[in-house]
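Printed here is my_file.txt (compact mmCIF, C-alpha atoms):
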```txt
# COMPACT_ATOMS: atom_id res chain seq x y z
CA MET A 1 -22.54 -46.80 32.25
CA ARG A 2 -20.39 -49.39 34.01
CA CYS A 3 -16.70 -50.04 33.64
CA GLU A 4 -14.35 -52.37 35.43
CA GLY A 5 -10.59 -52.57 35.60
CA VAL A 6 -7.66 -53.61 37.78
CA ARG A 7 -4.42 -51.73 38.39
CA ALA A 8 -1.50 -52.63 40.64
CA GLY A 9 -0.23 -49.90 42.95
CA GLY A 10 3.47 -49.57 43.89
CA ALA A 11 4.67 -50.04 47.43
CA MET A 12 4.85 -46.87 49.52
CA ALA A 13 8.08 -45.96 51.27
CA ALA A 14 6.44 -46.21 54.69
CA CYS A 15 5.04 -49.66 54.01
CA SER A 16 6.69 -53.00 54.61
CA ALA A 17 7.55 -55.43 51.87
CA ALA A 18 4.53 -57.51 52.87
CA LEU A 19 2.11 -54.84 51.62
CA LEU A 20 -0.06 -55.78 48.67
CA LEU A 21 -2.29 -53.02 47.32
CA ALA A 22 -4.64 -54.34 44.66
CA SER A 23 -7.07 -51.76 43.34
CA ALA A 24 -10.24 -52.85 41.57
CA CYS A 25 -12.40 -50.10 40.15
CA VAL A 26 -16.15 -50.35 39.54
CA VAL A 27 -17.91 -47.19 38.35
CA THR A 28 -21.67 -46.56 38.48
CA VAL A 29 -23.41 -43.49 37.13
CA ASP A 30 -27.01 -42.62 38.03
CA GLN A 31 -29.04 -39.43 37.86
CA GLY A 32 -27.36 -36.95 40.20
CA ARG A 33 -25.10 -39.66 41.65
CA TYR A 34 -21.71 -41.07 40.71
CA SER A 35 -19.96 -43.86 42.58
CA VAL A 36 -16.68 -45.72 42.20
CA ARG A 37 -15.42 -48.67 44.26
CA ASP A 38 -11.79 -49.28 45.07
CA GLU A 39 -10.25 -52.32 46.82
CA LYS A 40 -7.13 -52.56 48.95
CA LYS A 41 -5.70 -55.93 50.02
CA PHE A 42 -3.05 -56.52 52.68
CA GLN A 43 -1.27 -59.73 53.66
CA VAL A 44 -0.73 -60.22 57.43
CA LYS A 45 1.08 -62.80 59.58
CA GLY A 46 -0.13 -62.11 63.12
CA THR A 47 -3.00 -60.20 64.71
CA PRO A 48 -3.61 -57.09 62.57
CA ASP A 49 -4.05 -53.59 64.00
CA LEU A 50 -6.49 -51.97 61.59
CA ALA A 51 -7.42 -48.27 61.61
CA LEU A 52 -10.28 -47.16 59.33
CA THR A 53 -11.40 -43.56 58.95
CA THR A 54 -13.94 -42.01 56.61
CA PHE A 55 -15.06 -38.39 56.66
CA ASP A 56 -18.69 -39.32 55.88
CA GLY A 57 -20.19 -42.75 55.29
CA SER A 58 -20.95 -46.08 56.90
CA VAL A 59 -18.36 -48.61 58.08
CA GLU A 60 -18.86 -52.39 58.00
CA ILE A 61 -16.36 -54.89 59.42
CA ARG A 62 -16.63 -58.70 59.41
CA SER A 63 -14.22 -61.57 59.87
CA TRP A 64 -13.19 -64.28 57.46
CA ASP A 65 -10.78 -67.27 57.49
CA ARG A 66 -7.90 -65.72 55.57
CA PRO A 67 -4.56 -64.23 56.72
CA GLU A 68 -5.28 -60.99 54.95
CA VAL A 69 -7.28 -57.79 55.23
CA LEU A 70 -9.50 -56.69 52.36
CA VAL A 71 -10.94 -53.17 52.40
CA GLU A 72 -13.45 -51.86 49.87
CA ILE A 73 -14.07 -48.13 49.61
CA GLU A 74 -17.12 -46.90 47.74
CA LYS A 75 -16.70 -43.22 46.91
CA ARG A 76 -19.97 -41.44 46.17
CA ALA A 77 -20.44 -37.95 44.74
CA GLY A 78 -22.41 -35.84 42.29
CA ASP A 79 -19.96 -36.42 39.44
CA LYS A 80 -16.63 -37.99 38.53
CA THR A 81 -14.58 -34.89 39.31
CA GLN A 82 -15.96 -34.70 42.83
CA ALA A 83 -15.49 -38.45 43.41
CA ASP A 84 -11.90 -38.35 42.15
CA ALA A 85 -11.21 -35.57 44.67
CA ILE A 86 -11.92 -37.99 47.55
CA GLU A 87 -8.46 -39.13 48.60
CA VAL A 88 -7.79 -42.62 49.96
CA ARG A 89 -4.57 -43.07 51.91
CA ALA A 90 -3.54 -46.69 52.50
CA GLU A 91 -0.46 -47.72 54.48
CA GLN A 92 0.92 -50.89 56.03
CA SER A 93 3.80 -51.40 58.44
CA GLY A 94 4.06 -55.04 59.50
CA ASP A 95 0.61 -56.04 60.73
CA ALA A 96 -0.46 -52.39 61.29
CA ILE A 97 -2.76 -51.13 58.53
CA THR A 98 -4.26 -47.66 58.09
CA ILE A 99 -7.00 -46.59 55.69
CA ASP A 100 -7.87 -42.88 55.77
CA VAL A 101 -10.52 -41.50 53.41
CA LYS A 102 -10.24 -37.71 53.15
CA LYS A 103 -12.99 -35.22 52.35
CA PRO A 104 -12.44 -33.29 49.09
CA ALA A 105 -10.85 -29.89 49.60
CA GLY A 106 -12.75 -26.70 48.89
CA PRO A 107 -16.36 -25.60 49.45
CA GLU A 108 -19.12 -28.18 49.18
CA VAL A 109 -21.86 -27.24 46.71
CA VAL A 110 -24.90 -29.48 46.31
CA LEU A 111 -27.57 -28.46 43.77
CA GLY A 112 -30.85 -30.23 43.10
CA PHE A 113 -30.41 -33.99 43.35
CA ARG A 114 -26.62 -34.01 43.14
CA ALA A 115 -25.19 -36.17 45.91
CA ALA A 116 -22.88 -34.74 48.54
CA PRO A 117 -19.53 -36.61 48.66
CA SER A 118 -19.24 -39.60 50.99
CA ALA A 119 -17.28 -42.83 51.27
CA LYS A 120 -18.56 -46.17 52.55
CA VAL A 121 -15.91 -48.54 53.91
CA VAL A 122 -16.32 -52.34 54.08
CA ALA A 123 -13.57 -54.53 55.57
CA ALA A 124 -12.98 -58.28 55.83
CA VAL A 125 -10.40 -59.18 58.49
CA PRO A 126 -9.07 -62.22 60.40
CA ARG A 127 -11.16 -63.24 63.40
CA ARG A 128 -8.49 -61.95 65.80
CA CYS A 129 -7.99 -58.30 64.94
CA ASN A 130 -7.65 -54.99 66.80
CA ILE A 131 -9.91 -52.36 65.27
CA VAL A 132 -10.13 -48.57 65.37
CA ALA A 133 -12.95 -47.26 63.15
CA ARG A 134 -14.09 -43.65 62.72
CA SER A 135 -16.81 -42.00 60.66
CA GLY A 136 -17.70 -38.32 60.67
CA ASP A 137 -21.31 -39.22 59.86
CA GLY A 138 -22.52 -42.77 59.32
CA SER A 139 -23.49 -46.07 60.91
CA ILE A 140 -20.96 -48.69 62.04
CA THR A 141 -21.52 -52.47 61.98
CA ILE A 142 -19.02 -55.04 63.26
CA GLU A 143 -19.35 -58.83 63.52
CA ARG A 144 -17.35 -61.86 64.67
CA ILE A 145 -14.18 -60.13 65.89
CA GLU A 146 -11.89 -60.88 68.85
CA GLY A 147 -9.60 -58.12 70.06
CA LYS A 148 -9.48 -54.51 71.15
CA ILE A 149 -12.28 -52.62 69.39
CA ASP A 150 -12.70 -48.82 69.35
CA LEU A 151 -15.56 -47.33 67.31
CA ASN A 152 -16.63 -43.71 66.92
CA THR A 153 -19.16 -41.92 64.71
CA GLY A 154 -20.39 -38.36 64.83
CA ASP A 155 -23.92 -39.40 63.90
CA GLY A 156 -25.20 -42.92 63.33
CA ASN A 157 -26.29 -46.22 64.84
CA VAL A 158 -23.64 -48.70 65.99
CA LYS A 159 -24.26 -52.47 65.98
CA GLY A 160 -22.14 -55.45 66.91
CA LEU A 161 -22.54 -59.24 67.02
CA ASP A 162 -20.32 -62.01 68.40
CA LEU A 163 -17.49 -59.83 69.71
CA ALA A 164 -14.86 -60.76 72.32
CA GLY A 165 -12.26 -58.68 74.14
CA SER A 166 -12.70 -55.00 74.98
CA LEU A 167 -15.26 -52.78 73.26
CA ARG A 168 -15.30 -48.98 73.33
CA VAL A 169 -17.99 -47.15 71.35
CA HIS A 170 -19.17 -43.56 70.96
CA THR A 171 -21.87 -42.07 68.76
CA GLY A 172 -22.99 -38.47 68.87
CA ASP A 173 -26.55 -39.45 67.93
CA GLY A 174 -27.71 -43.03 67.40
CA THR A 175 -28.76 -46.32 68.95
CA LEU A 176 -26.37 -48.93 70.32
CA ARG A 177 -27.07 -52.65 69.91
CA PHE A 178 -24.61 -55.40 70.78
CA ASP A 179 -25.41 -59.11 71.11
CA ARG A 180 -23.25 -62.10 72.10
CA ILE A 181 -20.52 -59.97 73.64
CA ALA A 182 -17.75 -61.53 75.76
CA GLY A 183 -15.62 -59.07 77.74
CA SER A 184 -15.71 -55.44 78.82
CA VAL A 185 -17.81 -52.66 77.25
CA ASP A 186 -17.59 -48.85 77.40
CA LEU A 187 -20.48 -47.42 75.38
CA GLU A 188 -21.80 -43.88 74.97
CA SER A 189 -24.49 -42.23 72.86
CA GLY A 190 -25.42 -38.58 72.91
CA ASP A 191 -28.99 -39.49 72.02
CA GLY A 192 -30.28 -43.02 71.48
CA GLY A 193 -31.41 -46.23 73.11
CA ALA A 194 -29.13 -49.16 73.89
CA ARG A 195 -29.39 -52.94 74.07
CA ILE A 196 -26.55 -55.24 75.13
CA SER A 197 -26.31 -58.95 75.88
CA GLY A 198 -23.49 -61.39 76.53
CA ARG A 199 -20.94 -62.60 79.08
CA LEU A 200 -20.02 -59.25 80.52
CA GLY A 201 -17.07 -58.21 82.68
CA ALA A 202 -16.76 -54.43 83.08
CA VAL A 203 -19.74 -52.35 81.91
CA LYS A 204 -20.05 -48.61 81.36
CA LEU A 205 -23.05 -47.50 79.33
CA LEU A 206 -24.15 -43.87 79.08
CA THR A 207 -26.83 -42.35 76.85
CA GLY A 208 -28.34 -38.89 76.88
CA ASP A 209 -31.81 -40.07 75.90
CA GLY A 210 -33.31 -43.50 75.30
CA SER A 211 -34.34 -46.76 76.91
CA VAL A 212 -31.64 -49.22 77.95
CA GLU A 213 -31.68 -53.02 78.15
CA VAL A 214 -28.74 -55.06 79.43
CA ARG A 215 -28.72 -58.85 79.77
CA ALA A 216 -25.72 -60.33 81.56
CA ASP A 217 -25.68 -63.94 80.41
CA GLU A 218 -24.48 -66.94 82.42
CA GLY A 219 -20.77 -66.58 83.07
CA SER A 220 -20.89 -62.81 83.51
CA SER A 221 -18.75 -61.52 86.38
CA MET A 222 -18.10 -57.96 87.53
CA THR A 223 -14.38 -57.43 86.97
CA ALA A 224 -14.89 -53.72 87.80
CA ASP A 225 -17.72 -51.45 88.98
CA TRP A 226 -20.62 -51.12 86.55
CA GLU A 227 -22.31 -47.85 85.58
CA ILE A 228 -25.44 -47.73 83.41
CA ARG A 229 -27.20 -44.38 82.86
CA THR A 230 -29.79 -42.79 80.62
CA GLY A 231 -31.01 -39.22 80.67
CA ASP A 232 -34.57 -40.20 79.81
CA GLY A 233 -36.02 -43.70 79.44
CA GLY A 234 -36.61 -47.02 81.13
CA LEU A 235 -33.65 -49.10 82.27
CA ARG A 236 -33.79 -52.90 82.53
CA LEU A 237 -30.99 -55.17 83.75
CA GLU A 238 -31.24 -58.98 83.74
CA VAL A 239 -28.60 -61.02 85.58
CA PRO A 240 -28.03 -64.78 86.07
CA GLU A 241 -28.33 -66.94 89.17
CA GLY A 242 -25.35 -66.41 91.47
CA PHE A 243 -24.75 -62.82 90.35
CA GLY A 244 -23.51 -60.61 93.21
CA ALA A 245 -23.18 -56.84 93.48
CA THR A 246 -23.80 -53.81 95.65
CA LEU A 247 -26.70 -52.03 93.99
CA LEU A 248 -27.23 -48.27 93.91
CA ALA A 249 -30.21 -47.51 91.64
CA SER A 250 -32.03 -44.20 91.30
CA THR A 251 -34.56 -42.48 89.06
CA SER A 252 -35.53 -38.82 89.12
CA ASP A 253 -39.05 -39.63 87.92
CA GLY A 254 -40.21 -43.23 88.28
CA ALA A 255 -39.63 -46.31 90.42
CA VAL A 256 -36.94 -48.92 91.08
CA ARG A 257 -37.94 -52.58 91.08
CA VAL A 258 -35.70 -55.47 92.14
CA ASN A 259 -37.02 -58.97 91.42
CA GLY A 260 -35.66 -62.41 92.23
CA PHE A 261 -33.29 -61.55 95.08
CA GLY A 262 -35.61 -62.24 98.00
CA ASP A 263 -36.75 -59.79 100.69
CA ALA A 264 -34.64 -56.65 100.79
CA ALA A 265 -34.64 -56.86 104.58
CA THR A 266 -32.45 -59.96 104.46
CA ALA A 267 -30.01 -58.09 102.21
CA GLY A 268 -29.60 -55.09 104.46
CA GLY A 269 -31.46 -52.61 102.25
CA ASP A 270 -34.98 -52.53 103.69
CA ALA A 271 -34.66 -49.17 105.46
CA GLN A 272 -33.47 -47.45 102.32
CA ASN A 273 -36.20 -49.10 100.21
CA ARG A 274 -38.95 -47.84 102.55
CA ARG A 275 -37.68 -44.26 102.41
CA SER A 276 -37.81 -43.96 98.63
CA ARG A 277 -39.02 -46.26 95.87
CA SER A 278 -37.10 -44.04 93.46
CA GLU A 279 -33.76 -44.89 95.08
CA VAL A 280 -32.63 -48.34 96.17
CA ARG A 281 -29.41 -49.27 97.92
CA ARG A 282 -28.96 -52.96 98.69
CA VAL A 283 -26.80 -56.02 98.30
CA LEU A 284 -27.60 -58.47 95.52
CA GLY A 285 -26.70 -62.10 96.15
CA ALA A 286 -23.38 -62.37 97.97
CA GLY A 287 -22.57 -58.74 97.21
CA GLY A 288 -19.56 -57.44 95.38
CA ARG A 289 -18.57 -54.47 93.27
CA LEU A 290 -20.72 -51.35 92.89
CA LEU A 291 -23.58 -51.58 90.40
CA ARG A 292 -24.74 -48.03 89.71
CA LEU A 293 -27.96 -47.51 87.70
CA HIS A 294 -29.69 -44.19 86.97
CA THR A 295 -32.34 -42.71 84.71
CA GLY A 296 -33.57 -39.14 84.61
CA SER A 297 -37.11 -40.30 83.89
CA GLY A 298 -38.38 -43.87 83.81
CA THR A 299 -38.58 -47.16 85.67
CA ILE A 300 -35.52 -49.18 86.61
CA THR A 301 -35.96 -52.97 86.74
CA VAL A 302 -33.30 -55.38 88.02
CA LYS A 303 -34.31 -59.00 87.48
CA LYS A 304 -32.66 -62.36 88.05
CA PHE A 305 -33.45 -64.97 85.40
```
As structure tokens, the full file:
Amino acid sequence: MRCEGVRAGGAMAACSAALLLASACVVTVDQGRYSVRDEKKFQVKGTPDLALTTFDGSVEIRSWDRPEVLVEIEKRAGDKTQADAIEVRAEQSGDAITIDVKKPAGPEVVLGFRAAPSAKVVAAVPRRCNIVARSGDGSITIERIEGKIDLNTGDGNVKGLDLAGSLRVHTGDGTLRFDRIAGSVDLESGDGGARISGRLGAVKLLTGDGSVEVRADEGSSMTADWEIRTGDGGLRLEVPEGFGATLLASTSDGAVRVNGFGDAATAGGDAQNRRSRSEVRRVLGAGGRLLRLHTGSGTITVKKF
């Protein structure tokens, strides 16, 4: 069964006159699974501040060339009654927009193949947009955004592509992968590997378990101290010609390798290197801010490309 319809929602008291809420409903029924999609559209004039929250489900955010924000919520449940109990709160005040998808009240009962309730959120936003996105359990994907970005999921992978500004990310359990980043990053995973590349400024990357790869592309410059840590796994950092830092690298079980920066003796770190291959203290290039690398078990490689 499939039905489609459109209904216009009235303006909320807390919203500005610029708010446009257009709701489009698409219902799908399958064995043990019921889903309904709802759309919310908001006109904006400047740089939006968008806050998205879902109790359980993935979040996807991408930019487009329109002065508006379009958010699609796909509510999934075992039946219509359960899906209808998922509440979507949508508010706008100027260019500040909030979408909050609430878990149905009462005990959750899942029998056989009946789906537990969840809500996937997909947003299209202007290229310049400040984002706060939260999911209790689900992956987050974000692409082609410039602004202040804050992402958090209780359990799920987080991916980003072509982002500029400041990026703060936390996942309780999942991998982190970000490519073509320009700006500062503050990333944390309770359990999962990480891969980052781009023109980096400030870097903080912590994971409880998993290998880590960071590539600082041409134009990267340490605007603050860097800290990259993993509880268990290899750690590899690639930096461009002319990159300078004061390196402190250590592994509890493994070795530290520094390639492309000449003899450590000329950089003032030879005595430390001889004492322990598992801990290296030395100046890279012309020196600079502190570059702290650590893994609980694995090899650390710092390489100039």
*CA of Trp226 (chain A) to CA of Gly201 (chain A), straight-line distance in Å*: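 About the pair CA of Gly201 (chain A) and CA of Trp226 (chain A): they are 8.8 Å apart.
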*Nearest to Ile142 (chain A) among A:Ala105, A:Ala182, A:Ala255, A:Ala124, with distances taken over all atoms listed in the file: which residue is it?*
A:Ala124
*Distance of CA of Ser135 (chain A) from CA of Asn152 (chain A), expressed in Å to one decimal place*: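 Answer for the CA of Asn152 (chain A) to CA of Ser135 (chain A) separation: 6.5 Å.
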*Have a look at A:Lys45, A:Arg128, A:Arg292, A:Lys304 and name the one nearest to Val239 (chain A); count all atoms listed in the file.*
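Smallest distance to Val239 (chain A) is found for A:Lys304.
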Which residues are near Ile140 (chain A)? Cut-off 6 Å, only C-alpha atoms, ignore same chain within fewer than 3 positions. Put them as an mmCIF file with C-alpha atoms, keeping the file's coordinate frame.
```cif
data_model
loop_
_atom_site.group_PDB
_atom_site.id
_atom_site.type_symbol
_atom_site.label_atom_id
_atom_site.label_comp_id
_atom_site.auth_asym_id
_atom_site.auth_seq_id
_atom_site.Cartn_x
_atom_site.Cartn_y
_atom_site.Cartn_z
ATOM 1 C CA SER A 58 -20.950 -46.080 56.900
ATOM 2 C CA VAL A 59 -18.360 -48.610 58.080
ATOM 3 C CA GLU A 60 -18.860 -52.390 58.000
ATOM 4 C CA VAL A 158 -23.640 -48.700 65.990
#
```
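Counting only C-alpha atoms, the residue from A:Lys40, A:Arg236, A:Arg66, A:Arg195 that sits nearest to Asp100 (chain A) is A:Lys40.
The coordinates place CA of Leu70 (chain A) at 19.6 Å from CA of Phe55 (chain A).
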_Residues within 9 Å of (-32.3, -49.0, 90.8), file coords, only C-alpha atoms, listed as a VMD selection string_ = chain A and resid 235 247 to 251 255 to 258 277 to 281 292 to 295 299 to 302
*Find the residues around Ala77 (chain A) up to 8 Å (all atoms listed in the file counted), leave out those fewer than 2 positions away in its own chain, and share them as a PyMOL selection string.*
chain A and resi 33-35+75+79-80+82-83+114-118
*asked:* Which residues are near Leu187 (chain A)? Cut-off 9 Å, all atoms listed in the file, ignore same chain within fewer than 4 positions. Put them as a list in words.
replied: Leu167, Arg168, Val169, His170, Thr171, Leu176, Ala194, Val203, Lys204, Leu205, Leu206 and Thr207 of chain A
*Using all atoms listed in the file, which residues sit within 6 Å of Ala216 (chain A) once same-chain residues fewer than 5 positions away are excluded, as a PyMOL selection string?*
chain A and resi 197-200+239
*Which one of A:Val101, A:Ile131, A:Ser63, A:Gly254 sits closest to Asp38 (chain A) if you count only C-alpha atoms?*
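With only C-alpha atoms as the atom set, the closest residue is A:Val101.
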_Who sits within 10 Å of Thr141 (chain A), only C-alpha atoms, same chain under 4 positions skipped, as a list in words_ =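 Result of the neighbour search: Ser58, Val59, Glu60, Ile61, Arg62, Val122, Leu151, Asn157, Val158, Lys159, Gly160, Leu161, Arg177 and Phe178 of chain A.
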*Would you mind telling me which residue in A:Ala245, A:Ile196, A:Ile181, A:Leu290 lies nearest to Asp225 (chain A) when using all atoms listed in the file?*
A:Leu290
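Closest to Gly296 (chain A) among A:Ser211, A:Ser139, A:Thr54, A:Asn130 is A:Ser211, based on all atoms listed in the file.
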How about completing region 239-263 of chain A with N, CA and C atoms and giving it to me as a PDB file, in the frame of the given file?
```
ATOM      1  N   VAL A 239     -29.847 -60.384  85.163  1.00  0.00           N
ATOM      2  CA  VAL A 239     -28.600 -61.020  85.580  1.00  0.00           C
ATOM      3  C   VAL A 239     -28.863 -62.489  85.908  1.00  0.00           C
ATOM      4  N   PRO A 240     -27.833 -63.343  85.842  1.00  0.00           N
ATOM      5  CA  PRO A 240     -28.030 -64.780  86.070  1.00  0.00           C
ATOM      6  C   PRO A 240     -28.027 -65.152  87.548  1.00  0.00           C
ATOM      7  N   GLU A 241     -28.408 -66.369  87.827  1.00  0.00           N
ATOM      8  CA  GLU A 241     -28.330 -66.940  89.170  1.00  0.00           C
ATOM      9  C   GLU A 241     -26.879 -66.881  89.648  1.00  0.00           C
ATOM     10  N   GLY A 242     -26.695 -66.486  90.922  1.00  0.00           N
ATOM     11  CA  GLY A 242     -25.350 -66.410  91.470  1.00  0.00           C
ATOM     12  C   GLY A 242     -24.670 -65.064  91.273  1.00  0.00           C
ATOM     13  N   PHE A 243     -25.324 -64.139  90.586  1.00  0.00           N
ATOM     14  CA  PHE A 243     -24.750 -62.820  90.350  1.00  0.00           C
ATOM     15  C   PHE A 243     -24.751 -62.022  91.654  1.00  0.00           C
ATOM     16  N   GLY A 244     -23.616 -61.401  91.993  1.00  0.00           N
ATOM     17  CA  GLY A 244     -23.510 -60.610  93.210  1.00  0.00           C
ATOM     18  C   GLY A 244     -23.026 -59.203  92.932  1.00  0.00           C
ATOM     19  N   ALA A 245     -23.572 -58.230  93.649  1.00  0.00           N
ATOM     20  CA  ALA A 245     -23.180 -56.840  93.480  1.00  0.00           C
ATOM     21  C   ALA A 245     -23.726 -56.014  94.629  1.00  0.00           C
ATOM     22  N   THR A 246     -23.222 -54.796  94.742  1.00  0.00           N
ATOM     23  CA  THR A 246     -23.800 -53.810  95.650  1.00  0.00           C
ATOM     24  C   THR A 246     -24.538 -52.792  94.793  1.00  0.00           C
ATOM     25  N   LEU A 247     -25.863 -52.808  94.888  1.00  0.00           N
ATOM     26  CA  LEU A 247     -26.700 -52.030  93.990  1.00  0.00           C
ATOM     27  C   LEU A 247     -26.962 -50.626  94.530  1.00  0.00           C
ATOM     28  N   LEU A 248     -26.786 -49.633  93.661  1.00  0.00           N
ATOM     29  CA  LEU A 248     -27.230 -48.270  93.910  1.00  0.00           C
ATOM     30  C   LEU A 248     -28.004 -47.837  92.672  1.00  0.00           C
ATOM     31  N   ALA A 249     -29.344 -47.825  92.777  1.00  0.00           N
ATOM     32  CA  ALA A 249     -30.210 -47.510  91.640  1.00  0.00           C
ATOM     33  C   ALA A 249     -31.080 -46.320  91.979  1.00  0.00           C
ATOM     34  N   SER A 250     -31.218 -45.386  91.043  1.00  0.00           N
ATOM     35  CA  SER A 250     -32.030 -44.200  91.300  1.00  0.00           C
ATOM     36  C   SER A 250     -32.658 -43.701  90.010  1.00  0.00           C
ATOM     37  N   THR A 251     -33.861 -43.120  90.164  1.00  0.00           N
ATOM     38  CA  THR A 251     -34.560 -42.480  89.060  1.00  0.00           C
ATOM     39  C   THR A 251     -35.123 -41.162  89.543  1.00  0.00           C
ATOM     40  N   SER A 252     -35.001 -40.128  88.734  1.00  0.00           N
ATOM     41  CA  SER A 252     -35.530 -38.820  89.120  1.00  0.00           C
ATOM     42  C   SER A 252     -37.034 -38.748  88.969  1.00  0.00           C
ATOM     43  N   ASP A 253     -37.599 -39.618  88.135  1.00  0.00           N
ATOM     44  CA  ASP A 253     -39.050 -39.630  87.920  1.00  0.00           C
ATOM     45  C   ASP A 253     -39.471 -41.035  87.540  1.00  0.00           C
ATOM     46  N   GLY A 254     -39.822 -41.848  88.542  1.00  0.00           N
ATOM     47  CA  GLY A 254     -40.210 -43.230  88.280  1.00  0.00           C
ATOM     48  C   GLY A 254     -39.994 -44.078  89.516  1.00  0.00           C
ATOM     49  N   ALA A 255     -39.790 -45.377  89.309  1.00  0.00           N
ATOM     50  CA  ALA A 255     -39.630 -46.310  90.420  1.00  0.00           C
ATOM     51  C   ALA A 255     -38.499 -47.277  90.124  1.00  0.00           C
ATOM     52  N   VAL A 256     -37.963 -47.881  91.197  1.00  0.00           N
ATOM     53  CA  VAL A 256     -36.940 -48.920  91.080  1.00  0.00           C
ATOM     54  C   VAL A 256     -37.536 -50.232  91.554  1.00  0.00           C
ATOM     55  N   ARG A 257     -37.407 -51.265  90.733  1.00  0.00           N
ATOM     56  CA  ARG A 257     -37.940 -52.580  91.080  1.00  0.00           C
ATOM     57  C   ARG A 257     -36.826 -53.607  91.012  1.00  0.00           C
ATOM     58  N   VAL A 258     -36.704 -54.420  92.074  1.00  0.00           N
ATOM     59  CA  VAL A 258     -35.700 -55.470  92.140  1.00  0.00           C
ATOM     60  C   VAL A 258     -36.426 -56.790  92.341  1.00  0.00           C
ATOM     61  N   ASN A 259     -36.286 -57.700  91.390  1.00  0.00           N
ATOM     62  CA  ASN A 259     -37.020 -58.970  91.420  1.00  0.00           C
ATOM     63  C   ASN A 259     -36.072 -60.155  91.420  1.00  0.00           C
ATOM     64  N   GLY A 260     -36.394 -61.155  92.251  1.00  0.00           N
ATOM     65  CA  GLY A 260     -35.660 -62.410  92.230  1.00  0.00           C
ATOM     66  C   GLY A 260     -34.545 -62.525  93.233  1.00  0.00           C
ATOM     67  N   PHE A 261     -34.374 -61.522  94.098  1.00  0.00           N
ATOM     68  CA  PHE A 261     -33.290 -61.550  95.080  1.00  0.00           C
ATOM     69  C   PHE A 261     -33.808 -61.668  96.513  1.00  0.00           C
ATOM     70  N   GLY A 262     -35.063 -62.057  96.665  1.00  0.00           N
ATOM     71  CA  GLY A 262     -35.610 -62.240  98.000  1.00  0.00           C
ATOM     72  C   GLY A 262     -35.971 -60.912  98.643  1.00  0.00           C
ATOM     73  N   ASP A 263     -36.338 -60.980  99.940  1.00  0.00           N
ATOM     74  CA  ASP A 263     -36.750 -59.790 100.690  1.00  0.00           C
ATOM     75  C   ASP A 263     -35.542 -58.889 100.900  1.00  0.00           C
TER      76      ASP A 263
END
```
